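Participant: Take a look at this one; I'll ask things after.
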Amino acid sequence: MKSQTLNEFVKECIADALVKVMASKSFNDITITEIVSLADVGRATYYRNFSSKDDILYYKITLLLSEWLEKIPPNVNRKEKTTLFFKFLQSEKELLELIYKHEKGYIILDSYLNMPPDLRHVLDEQNIMDIFYIYGVFGITEAWIKNGMLEDPEELASILLRKIHPTDGSHVS
């Protein structure tokens, strides 16, 4: 096993341990000792990989988003990609609800903004539209999570794209 692969595995164990403890304890009351004990790693391993509990959550969300992005087939249009994104979020409902229960929603926004490519370095016309879209999707995500994620992902994608592109939301790429 490569050291990078082992390191990623260890980081996932730490992230999963934090999420597990979050289900039963206030975020501020969770200790590093509890996390490393449940993850079965040493404190040095935690400090080598993370600087805070927020950093662990950011890693977890970023990892999930990266894995989702890798599964998207090439040449998927924006409507299909948006629908797949809302379906992905729905599949992570338990984690997302925990994050909001602990008032850590800003970590989701940070993760969205740092998905490749990082759009904030050049403010050209396309990046401005992409940033606008990301913030809009984040707002919808936040409201959807807080509402119990009751709405259908395909319908959310359709509504969003009809509002952004009222003339023809079905052919948006």
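Labels for the structure tokens follow display order: chains A, B, ..., residues from 1 in each chain, ligands from 1.
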Counting only C-alpha atoms, which residues in segment 35-127 of chain A sit no more than 8 Å from segment 22-31 of chain A? For each one, give the nearest pair of atoms and the distance in Å, sorted by chain then residue number, as CSV.
Facilitator:
```
residue,atom,partner,partner_atom,distance
A:Ile35,CA,A:Thr31,CA,6.6
A:Leu98,CA,A:Ala23,CA,6.8
A:His102,CA,A:Phe27,CA,6.1
```
Participant: Fewer than 2 positions away in the same chain doesn't count, so skip those; otherwise give me all residues within 12 Å of segment 73-90 of chain A, counting only C-alpha atoms, as an MDAnalysis selection string.
Facilitator: chainID A and resid 61 64:71 92:97 108 112 130 133:134 136:138 140:142 144:145 148:162 164:165 168:173
Participant: Which one of A:Tyr106, A:Phe132, A:Tyr100, A:Phe9 sits closest to Asn49 of chain A if you count only C-alpha atoms?
Facilitator: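 Between A:Tyr106, A:Phe132, A:Tyr100, A:Phe9, the residue approaching Asn49 of chain A most closely is A:Phe9.
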Participant: Hey, what does DSSP flag as helix (DSSP H, G or I) within segment 39-133 of chain A? Can you give it to me as a PyMOL selection string?
Facilitator: chain A and resi 39+43-49+53-71+78-91+93-101+105-113+125-133
Participant: Select, from A:Ser52, A:Asn147, A:Asn7, A:Thr62, the residue with the minimum atom-to-atom distance to Ser111 of chain A, counting only C-alpha atoms.
Facilitator: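 The shortest atom-to-atom distance to Ser111 of chain A comes from A:Thr62.
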Participant: Quick one: distance from atom CA of Ile14 of chain A to atom CA of Ser91 of chain A in Å, one decimal?
Facilitator: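 The value is 21.0 Å.
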Participant: Could you work out how far atom CA of Glu12 of chain A lies from atom CA of Thr33 of chain A, giving the answer in Å with one decimal?
Facilitator: 16.5 Å
Participant: Find, counting only C-alpha atoms, the residue in A:Val21, A:Ile107, A:Met129, A:Val36 that gets nearest to Tyr58 of chain A.
Facilitator: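 Looking only at the distances to Tyr58 of chain A, the closest residue turns out to be A:Ile107.
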Participant: By how many Å are atom CA of Ile56 of chain A and atom CA of Leu18 of chain A apart?
Facilitator: 7.7 Å
